[in-house]
Amino acid sequence: MVAVKSVFAPYIYVCTRMRVRKAKLIPREEYMRMLNMSLPEITRIIQETQYKQEIDELSSVFSGIDLIEVALSWNLAKEYQKILEITPGNLKQFTQSYLRRWDIQNVLTILRGKMQGEKVGKIKEILVPAGSLDRVMLDRLLAEDSPEKIIDVLKGNRIYPVLSREYPVTKESGSFSRMENELYKQFFSEIIAEAESGLKGGKQFLDFIRFDIDIRNIKTLFRLRADTFEEDARDMYIAGGVFSAADFANLNTVRDQAEFIELLKAKIRNSLLISLLDELKSEKAIRDVESRLTRVQLEQMESLSKRNPFSIHPILVYLEKKKYEVFNLRALARGKESKLPSERIAEYLVV
Amino acid sequence: MVDVNMTLEMVEASQVGMKALAAAIAVGSTGIAAALAEMAIGSAAVGATAENKDVFGLVLLLTVIPETIVIFGLVVALLLIF
């Protein structure tokens, strides 16, 4: 009885908090309303929601689009750190593993920014210190001048071996895509190993990872089809999902859209994904395909969180939805700043 | 199995003991059941209140609903004893 109490109650507590937080996220109607507003009006609306504290704190230093960008990044990082504080036991470990993907994004943003000679302040605006590399560490990385020195500072970190191995190739080609692929491959193999290590709740985490990998692989396949130049598909393949490396390479060689979709469907068992693939038989813009795949991923995560109400799923659903809320607000603000028409901005929103 | 050597007093005393035992089981088991139910509801209630203080009154009400289980147990126990 004591064992049941000590494990179960904190899970219920955290999962309920995540559900309440999820309910507080900006609803679809609000985005539609914001599409017809100007940038200052959007800033005001954002200020009235969960971002009030950040906007108030930063409004003396930044203004306009910069204020929104920085406030959103700060809020996202703060929210993620807060969730890490309240999650118990294995859930904390899984959440930490999930958030490690931000390390990859932050390090790559810094490296790309430095290579292109961007100002430190500009790079800092878009960093989200939500992973294992905190704000202090990211500042240390930003203070370094050359990519080599940045990689050296990361010595001892999980991603260091891949960074040091891939950097010479990246330097030569000038493109970070291969390094990025390798980092994500390492990341996914590590979290799969963690989920399979026998920890309680690992199976549910594994379900999420596998579906995430499938969606990523399918997105990559669609992107490769939309691309005009030939690339080695095996470099972009992520292992761990339903596709084997051979399946992935085979699918990439199929040119006919209907045949490609049929072959994809034969491999997949998820009903939501199958019905989406049916709709994609007619050619569609890659951006549209990607946002629909993202929506299916969120729907699937939502249904998993209902099936396993006190597991890692409700936490992951909230983390993902929060991420997309920030992406949406950023897209809205950026779109308005660039004076894009509302219909065009709406295409970029994941709601 | 009936013990033929038992006196009437012994049988009566045994019956009282059995009733007391049954009452104890009625209150004890329903107490545990109510505790388990309240553990889950209470955790969720605290979680919900932490995010939104306005729901405190409502969740307090929901938390005490499983108390009815233990009240049923208590009533059964009282009926058994008196």
# chains A, B, ... in the order shown; residues from 1 in each chain; ligands from 1

call {"tool": "interface_residues", "arguments": {"of": "chain B", "to": "chain A", "cutoff": "7 Å", "atoms": "only C-alpha atoms", "output": "number ranges by chain"}}
result
B: 39-40, 43-44, 46-48, 51

call {"tool": "write_last_selection", "arguments": {"atoms": "N, CA, C and O atoms", "output": "mmCIF file, in the first residue's frame"}}
result
data_model
loop_
_atom_site.group_PDB
_atom_site.id
_atom_site.type_symbol
_atom_site.label_atom_id
_atom_site.label_comp_id
_atom_site.auth_asym_id
_atom_site.auth_seq_id
_atom_site.Cartn_x
_atom_site.Cartn_y
_atom_site.Cartn_z
ATOM 1 N N MET B 39 -6.796 9.397 -2.098
ATOM 2 C CA MET B 39 -5.397 9.649 -2.489
ATOM 3 C C MET B 39 -5.349 10.145 -3.932
ATOM 4 O O MET B 39 -4.713 11.158 -4.236
ATOM 5 N N ALA B 40 -6.057 9.432 -4.811
ATOM 6 C CA ALA B 40 -6.038 9.807 -6.227
ATOM 7 C C ALA B 40 -6.717 11.160 -6.441
ATOM 8 O O ALA B 40 -6.163 12.046 -7.099
ATOM 9 N N SER B 43 -4.647 14.071 -4.836
ATOM 10 C CA SER B 43 -3.459 14.465 -5.615
ATOM 11 C C SER B 43 -3.866 15.328 -6.797
ATOM 12 O O SER B 43 -3.247 16.362 -7.073
ATOM 13 N N ALA B 44 -4.922 14.877 -7.486
ATOM 14 C CA ALA B 44 -5.386 15.654 -8.648
ATOM 15 C C ALA B 44 -5.911 17.012 -8.193
ATOM 16 O O ALA B 44 -5.671 18.025 -8.851
ATOM 17 N N VAL B 46 -5.005 18.804 -5.541
ATOM 18 C CA VAL B 46 -3.900 19.706 -5.195
ATOM 19 C C VAL B 46 -3.227 20.221 -6.465
ATOM 20 O O VAL B 46 -2.893 21.405 -6.587
ATOM 21 N N GLY B 47 -3.079 19.309 -7.436
ATOM 22 C CA GLY B 47 -2.486 19.709 -8.722
ATOM 23 C C GLY B 47 -3.303 20.780 -9.403
ATOM 24 O O GLY B 47 -2.771 21.784 -9.879
ATOM 25 N N ALA B 48 -4.624 20.573 -9.437
ATOM 26 C CA ALA B 48 -5.499 21.542 -10.108
ATOM 27 C C ALA B 48 -5.496 22.873 -9.363
ATOM 28 O O ALA B 48 -5.449 23.941 -9.972
ATOM 29 N N GLU B 51 -2.499 25.120 -10.012
ATOM 30 C CA GLU B 51 -2.543 25.845 -11.286
ATOM 31 C C GLU B 51 -3.621 26.912 -11.310
ATOM 32 O O GLU B 51 -3.485 27.921 -11.979
#

call {"tool": "residues_around", "arguments": {"residues": "stretch 80-96 of chain A", "least_positions_apart": "4", "cutoff": "7 Å", "atoms": "only C-alpha atoms", "output": "list in words"}}
result
Pro10, Val14, Leu76, Arg100, Ala130, Lys200 and Ile312 of chain A

call {"tool": "write_last_selection", "arguments": {"atoms": "N, CA and C atoms", "output": "short mmCIF file (atom, residue, chain, number, x, y, z; two decimals), in the first residue's frame"}}
result
data_model
loop_
_atom_site.label_atom_id
_atom_site.label_comp_id
_atom_site.auth_asym_id
_atom_site.auth_seq_id
_atom_site.Cartn_x
_atom_site.Cartn_y
_atom_site.Cartn_z
N PRO A 10 2.18 11.31 -6.72
CA PRO A 10 2.88 12.39 -7.43
C PRO A 10 2.61 12.37 -8.94
N VAL A 14 1.20 15.64 -10.90
CA VAL A 14 1.89 16.30 -12.02
C VAL A 14 1.04 16.24 -13.30
N LEU A 76 9.29 29.98 -22.62
CA LEU A 76 9.37 28.55 -22.95
C LEU A 76 10.40 27.86 -22.06
N ARG A 100 16.60 17.19 -23.90
CA ARG A 100 17.99 17.28 -24.38
C ARG A 100 18.07 17.68 -25.85
N ALA A 130 16.55 25.18 -22.36
CA ALA A 130 15.64 24.22 -21.74
C ALA A 130 16.29 22.86 -21.55
N LYS A 200 10.45 1.99 -14.89
CA LYS A 200 8.99 1.98 -14.89
C LYS A 200 8.48 3.14 -15.76
N ILE A 312 4.13 9.42 -18.73
CA ILE A 312 4.91 10.52 -19.30
C ILE A 312 4.11 11.25 -20.38
#

call {"tool": "residues_around", "arguments": {"residues": "stretch 343-347 of chain A", "least_positions_apart": "5", "cutoff": "10 Å", "atoms": "only C-alpha atoms", "output": "list of chain:residue names"}}
result
A:Tyr31, A:Met32, A:Leu35, A:Arg287, A:Asp288, A:Ser291, A:Asn328, A:Ala331, A:Leu332, A:Ala333, A:Arg334, A:Gly335, A:Lys336

call {"tool": "atom_distance", "arguments": {"atom1": "atom CA of A:Glu69", "atom2": "atom CA of A:Lys323"}}
result
13.2 Å

call {"tool": "closest_residue", "arguments": {"among": "A:Lys78, A:Asp227, A:Val136, A:Ile238", "to": "A:Gln186", "atoms": "only C-alpha atoms"}}
result
A:Ile238

call {"tool": "residues_around", "arguments": {"residues": "stretch 15-24 of chain B", "least_positions_apart": "2", "cutoff": "10 Å", "atoms": "only C-alpha atoms", "output": "list in words"}}
result
Glu9, Met10, Val11, Glu12, Ala13, Ala26, Val27, Gly28, Ser29, Thr30, Gly73, Leu74, Val75, Val76, Ala77, Leu78, Leu79, Leu80, Ile81 and Phe82 of chain B

call {"tool": "write_last_selection", "arguments": {"atoms": "C-alpha atoms", "output": "compact mmCIF listing (two decimals), in the first residue's frame"}}
result
# COMPACT_ATOMS: atom_id res chain seq x y z
CA GLU B 9 -21.87 -18.54 27.85
CA MET B 10 -18.98 -19.50 25.66
CA VAL B 11 -21.20 -19.54 22.53
CA GLU B 12 -22.70 -16.13 23.41
CA ALA B 13 -19.27 -14.64 24.04
CA ALA B 26 -16.55 -3.25 7.79
CA VAL B 27 -14.97 -0.04 9.09
CA GLY B 28 -11.37 -1.04 8.33
CA SER B 29 -11.86 -2.17 4.74
CA THR B 30 -14.07 0.78 3.81
CA GLY B 73 -18.96 0.93 6.63
CA LEU B 74 -19.52 2.75 9.91
CA VAL B 75 -23.31 2.39 9.61
CA VAL B 76 -22.98 -1.34 8.94
CA ALA B 77 -20.63 -1.66 11.91
CA LEU B 78 -23.06 0.18 14.21
CA LEU B 79 -25.95 -1.98 13.01
CA LEU B 80 -23.91 -5.09 13.75
CA ILE B 81 -22.94 -4.02 17.24
CA PHE B 82 -26.26 -2.51 18.44

call {"tool": "residues_around", "arguments": {"residues": "B:Glu67", "least_positions_apart": "2", "cutoff": "12 Å", "atoms": "only C-alpha atoms", "output": "MDAnalysis selection string"}}
result
chainID B and resid 27 30:39 41 60:65 69:74

call {"tool": "closest_residue", "arguments": {"among": "A:Leu67, A:Leu58, A:Leu25, A:Leu221", "to": "A:Pro40", "atoms": "only C-alpha atoms"}}
result
A:Leu67

call {"tool": "residues_around", "arguments": {"residues": "stretch 277-281 of chain A", "least_positions_apart": "5", "cutoff": "7 Å", "atoms": "only C-alpha atoms", "output": "compact mmCIF listing (two decimals) with C-alpha atoms, in the first residue's frame"}}
result
# COMPACT_ATOMS: atom_id res chain seq x y z
CA GLN A 257 3.12 9.61 -55.47
CA ALA A 258 0.25 7.06 -55.25
CA ILE A 261 1.78 6.43 -50.33

call {"tool": "residues_around", "arguments": {"residues": "A:Val289", "least_positions_apart": "2", "cutoff": "10 Å", "atoms": "only C-alpha atoms", "output": "PDB file with C-alpha atoms, in the first residue's frame"}}
result
ATOM      1  CA  ILE A 218       8.099  10.430 -43.180  1.00  0.00           C
ATOM      2  CA  LYS A 219       8.694  14.187 -43.186  1.00  0.00           C
ATOM      3  CA  PHE A 222       8.394  13.980 -48.324  1.00  0.00           C
ATOM      4  CA  ARG A 223      11.110  16.645 -48.211  1.00  0.00           C
ATOM      5  CA  LEU A 276      -3.830  11.305 -43.425  1.00  0.00           C
ATOM      6  CA  LEU A 277      -1.700   9.489 -46.008  1.00  0.00           C
ATOM      7  CA  GLU A 279      -5.551  12.457 -48.167  1.00  0.00           C
ATOM      8  CA  LEU A 280      -1.990  13.120 -49.293  1.00  0.00           C
ATOM      9  CA  GLU A 283       0.284  16.236 -54.621  1.00  0.00           C
ATOM     10  CA  LYS A 284       0.434  18.936 -51.968  1.00  0.00           C
ATOM     11  CA  ALA A 285       2.897  21.644 -50.946  1.00  0.00           C
ATOM     12  CA  ILE A 286       5.597  20.312 -48.637  1.00  0.00           C
ATOM     13  CA  ARG A 287       4.772  22.910 -45.976  1.00  0.00           C
ATOM     14  CA  SER A 291       2.058  20.805 -40.766  1.00  0.00           C
ATOM     15  CA  ARG A 292      -0.550  18.061 -41.255  1.00  0.00           C
ATOM     16  CA  LEU A 293       1.935  15.421 -40.131  1.00  0.00           C
ATOM     17  CA  THR A 294       2.689  17.533 -37.067  1.00  0.00           C
ATOM     18  CA  ARG A 295      -1.026  17.779 -36.323  1.00  0.00           C
TER      19      ARG A 295
END

call {"tool": "select_by_dssp", "arguments": {"residues": "chain B", "states": "alpha helix (DSSP H)", "output": "PDB file with C-alpha atoms, in the first residue's frame"}}
result
ATOM      1  CA  LEU B   8     -23.945 -21.422  26.438  1.00  0.00           C
ATOM      2  CA  GLU B   9     -21.875 -18.541  27.846  1.00  0.00           C
ATOM      3  CA  MET B  10     -18.980 -19.497  25.657  1.00  0.00           C
ATOM      4  CA  VAL B  11     -21.197 -19.538  22.533  1.00  0.00           C
ATOM      5  CA  GLU B  12     -22.699 -16.125  23.410  1.00  0.00           C
ATOM      6  CA  ALA B  13     -19.273 -14.641  24.041  1.00  0.00           C
ATOM      7  CA  SER B  14     -18.048 -16.049  20.726  1.00  0.00           C
ATOM      8  CA  GLN B  15     -21.000 -14.483  18.898  1.00  0.00           C
ATOM      9  CA  VAL B  16     -20.267 -11.062  20.414  1.00  0.00           C
ATOM     10  CA  GLY B  17     -16.632 -11.440  19.386  1.00  0.00           C
ATOM     11  CA  MET B  18     -17.611 -12.385  15.840  1.00  0.00           C
ATOM     12  CA  LYS B  19     -19.878  -9.332  15.583  1.00  0.00           C
ATOM     13  CA  ALA B  20     -17.090  -7.080  16.820  1.00  0.00           C
ATOM     14  CA  LEU B  21     -14.732  -8.626  14.284  1.00  0.00           C
ATOM     15  CA  ALA B  22     -17.261  -8.129  11.466  1.00  0.00           C
ATOM     16  CA  ALA B  23     -17.743  -4.484  12.504  1.00  0.00           C
ATOM     17  CA  ALA B  24     -13.985  -3.978  12.535  1.00  0.00           C
ATOM     18  CA  ILE B  25     -13.679  -5.446   9.047  1.00  0.00           C
ATOM     19  CA  ALA B  26     -16.551  -3.254   7.794  1.00  0.00           C
ATOM     20  CA  VAL B  27     -14.971  -0.040   9.087  1.00  0.00           C
ATOM     21  CA  GLY B  28     -11.373  -1.044   8.330  1.00  0.00           C
ATOM     22  CA  SER B  29     -11.860  -2.166   4.745  1.00  0.00           C
ATOM     23  CA  THR B  30     -14.074   0.781   3.808  1.00  0.00           C
ATOM     24  CA  GLY B  31     -11.534   3.084   5.467  1.00  0.00           C
ATOM     25  CA  ILE B  32      -8.771   1.689   3.263  1.00  0.00           C
ATOM     26  CA  ALA B  33     -10.992   1.949   0.172  1.00  0.00           C
ATOM     27  CA  ALA B  34     -11.876   5.578   0.965  1.00  0.00           C
ATOM     28  CA  ALA B  35      -8.194   6.359   1.577  1.00  0.00           C
ATOM     29  CA  LEU B  36      -7.182   4.945  -1.811  1.00  0.00           C
ATOM     30  CA  ALA B  37      -9.925   6.852  -3.597  1.00  0.00           C
ATOM     31  CA  GLU B  38      -9.091  10.073  -1.762  1.00  0.00           C
ATOM     32  CA  MET B  39      -5.397   9.649  -2.489  1.00  0.00           C
ATOM     33  CA  ALA B  40      -6.038   9.807  -6.227  1.00  0.00           C
ATOM     34  CA  ILE B  41      -8.635  12.563  -6.034  1.00  0.00           C
ATOM     35  CA  GLY B  42      -6.623  14.550  -3.498  1.00  0.00           C
ATOM     36  CA  SER B  43      -3.459  14.465  -5.615  1.00  0.00           C
ATOM     37  CA  ALA B  44      -5.386  15.654  -8.648  1.00  0.00           C
ATOM     38  CA  ALA B  45      -7.160  18.278  -6.526  1.00  0.00           C
ATOM     39  CA  VAL B  46      -3.900  19.706  -5.195  1.00  0.00           C
ATOM     40  CA  GLY B  47      -2.486  19.709  -8.722  1.00  0.00           C
ATOM     41  CA  ALA B  48      -5.499  21.542 -10.108  1.00  0.00           C
ATOM     42  CA  THR B  49      -5.499  24.057  -7.240  1.00  0.00           C
ATOM     43  CA  ALA B  50      -1.785  24.739  -7.728  1.00  0.00           C
ATOM     44  CA  GLU B  51      -2.543  25.845 -11.286  1.00  0.00           C
ATOM     45  CA  PHE B  56     -10.337  25.029  -4.565  1.00  0.00           C
ATOM     46  CA  GLY B  57     -13.956  24.880  -3.302  1.00  0.00           C
ATOM     47  CA  LEU B  58     -15.029  22.477  -6.032  1.00  0.00           C
ATOM     48  CA  VAL B  59     -12.081  20.095  -5.641  1.00  0.00           C
ATOM     49  CA  LEU B  60     -12.489  20.081  -1.864  1.00  0.00           C
ATOM     50  CA  LEU B  61     -16.020  18.832  -2.381  1.00  0.00           C
ATOM     51  CA  LEU B  62     -14.842  16.166  -4.834  1.00  0.00           C
ATOM     52  CA  THR B  63     -12.104  15.048  -2.436  1.00  0.00           C
ATOM     53  CA  VAL B  64     -14.551  14.274   0.374  1.00  0.00           C
ATOM     54  CA  GLU B  67     -15.924   9.598   2.611  1.00  0.00           C
ATOM     55  CA  THR B  68     -19.382   8.170   1.932  1.00  0.00           C
ATOM     56  CA  ILE B  69     -17.792   4.722   1.535  1.00  0.00           C
ATOM     57  CA  VAL B  70     -16.406   4.769   5.055  1.00  0.00           C
ATOM     58  CA  ILE B  71     -19.706   6.178   6.386  1.00  0.00           C
ATOM     59  CA  PHE B  72     -21.507   3.161   4.896  1.00  0.00           C
ATOM     60  CA  GLY B  73     -18.962   0.935   6.625  1.00  0.00           C
ATOM     61  CA  LEU B  74     -19.520   2.749   9.911  1.00  0.00           C
ATOM     62  CA  VAL B  75     -23.313   2.394   9.615  1.00  0.00           C
ATOM     63  CA  VAL B  76     -22.981  -1.340   8.939  1.00  0.00           C
ATOM     64  CA  ALA B  77     -20.629  -1.662  11.911  1.00  0.00           C
ATOM     65  CA  LEU B  78     -23.058   0.181  14.212  1.00  0.00           C
ATOM     66  CA  LEU B  79     -25.950  -1.981  13.015  1.00  0.00           C
ATOM     67  CA  LEU B  80     -23.911  -5.089  13.750  1.00  0.00           C
ATOM     68  CA  ILE B  81     -22.939  -4.023  17.241  1.00  0.00           C
TER      69      ILE B  81
END

call {"tool": "decode", "arguments": {"residues": "stretch 22-38 of chain B", "atoms": "N, CA and C atoms", "output": "mmCIF file, in the first residue's frame"}}
result
data_model
loop_
_atom_site.group_PDB
_atom_site.id
_atom_site.type_symbol
_atom_site.label_atom_id
_atom_site.label_comp_id
_atom_site.auth_asym_id
_atom_site.auth_seq_id
_atom_site.Cartn_x
_atom_site.Cartn_y
_atom_site.Cartn_z
ATOM 1 N N ALA B 22 -16.600 -8.526 12.719
ATOM 2 C CA ALA B 22 -17.261 -8.129 11.466
ATOM 3 C C ALA B 22 -17.347 -6.607 11.372
ATOM 4 N N ALA B 23 -17.658 -5.951 12.499
ATOM 5 C CA ALA B 23 -17.743 -4.484 12.504
ATOM 6 C C ALA B 23 -16.376 -3.872 12.200
ATOM 7 N N ALA B 24 -15.345 -4.484 12.779
ATOM 8 C CA ALA B 24 -13.985 -3.978 12.535
ATOM 9 C C ALA B 24 -13.618 -4.100 11.061
ATOM 10 N N ILE B 25 -13.981 -5.241 10.476
ATOM 11 C CA ILE B 25 -13.679 -5.446 9.047
ATOM 12 C C ILE B 25 -14.455 -4.420 8.201
ATOM 13 N N ALA B 26 -15.725 -4.190 8.556
ATOM 14 C CA ALA B 26 -16.551 -3.254 7.794
ATOM 15 C C ALA B 26 -15.937 -1.855 7.815
ATOM 16 N N VAL B 27 -15.545 -1.391 8.998
ATOM 17 C CA VAL B 27 -14.971 -0.040 9.087
ATOM 18 C C VAL B 27 -13.560 -0.005 8.484
ATOM 19 N N GLY B 28 -12.778 -1.012 8.792
ATOM 20 C CA GLY B 28 -11.373 -1.044 8.330
ATOM 21 C C GLY B 28 -11.265 -1.085 6.811
ATOM 22 N N SER B 29 -11.997 -2.022 6.202
ATOM 23 C CA SER B 29 -11.860 -2.166 4.745
ATOM 24 C C SER B 29 -12.413 -0.954 4.010
ATOM 25 N N THR B 30 -13.542 -0.412 4.493
ATOM 26 C CA THR B 30 -14.074 0.781 3.808
ATOM 27 C C THR B 30 -13.154 1.981 4.045
ATOM 28 N N GLY B 31 -12.510 2.008 5.198
ATOM 29 C CA GLY B 31 -11.534 3.084 5.467
ATOM 30 C C GLY B 31 -10.395 3.049 4.475
ATOM 31 N N ILE B 32 -9.880 1.829 4.229
ATOM 32 C CA ILE B 32 -8.771 1.689 3.263
ATOM 33 C C ILE B 32 -9.248 2.083 1.861
ATOM 34 N N ALA B 33 -10.459 1.633 1.505
ATOM 35 C CA ALA B 33 -10.992 1.949 0.172
ATOM 36 C C ALA B 33 -11.148 3.461 0.006
ATOM 37 N N ALA B 34 -11.689 4.122 1.039
ATOM 38 C CA ALA B 34 -11.876 5.578 0.965
ATOM 39 C C ALA B 34 -10.522 6.277 0.861
ATOM 40 N N ALA B 35 -9.535 5.750 1.609
ATOM 41 C CA ALA B 35 -8.194 6.359 1.577
ATOM 42 C C ALA B 35 -7.596 6.285 0.179
ATOM 43 N N LEU B 36 -7.740 5.117 -0.463
ATOM 44 C CA LEU B 36 -7.182 4.945 -1.811
ATOM 45 C C LEU B 36 -7.851 5.904 -2.797
ATOM 46 N N ALA B 37 -9.193 5.969 -2.687
ATOM 47 C CA ALA B 37 -9.925 6.852 -3.597
ATOM 48 C C ALA B 37 -9.537 8.308 -3.369
ATOM 49 N N GLU B 38 -9.424 8.675 -2.084
ATOM 50 C CA GLU B 38 -9.091 10.073 -1.762
ATOM 51 C C GLU B 38 -7.652 10.410 -2.137
#
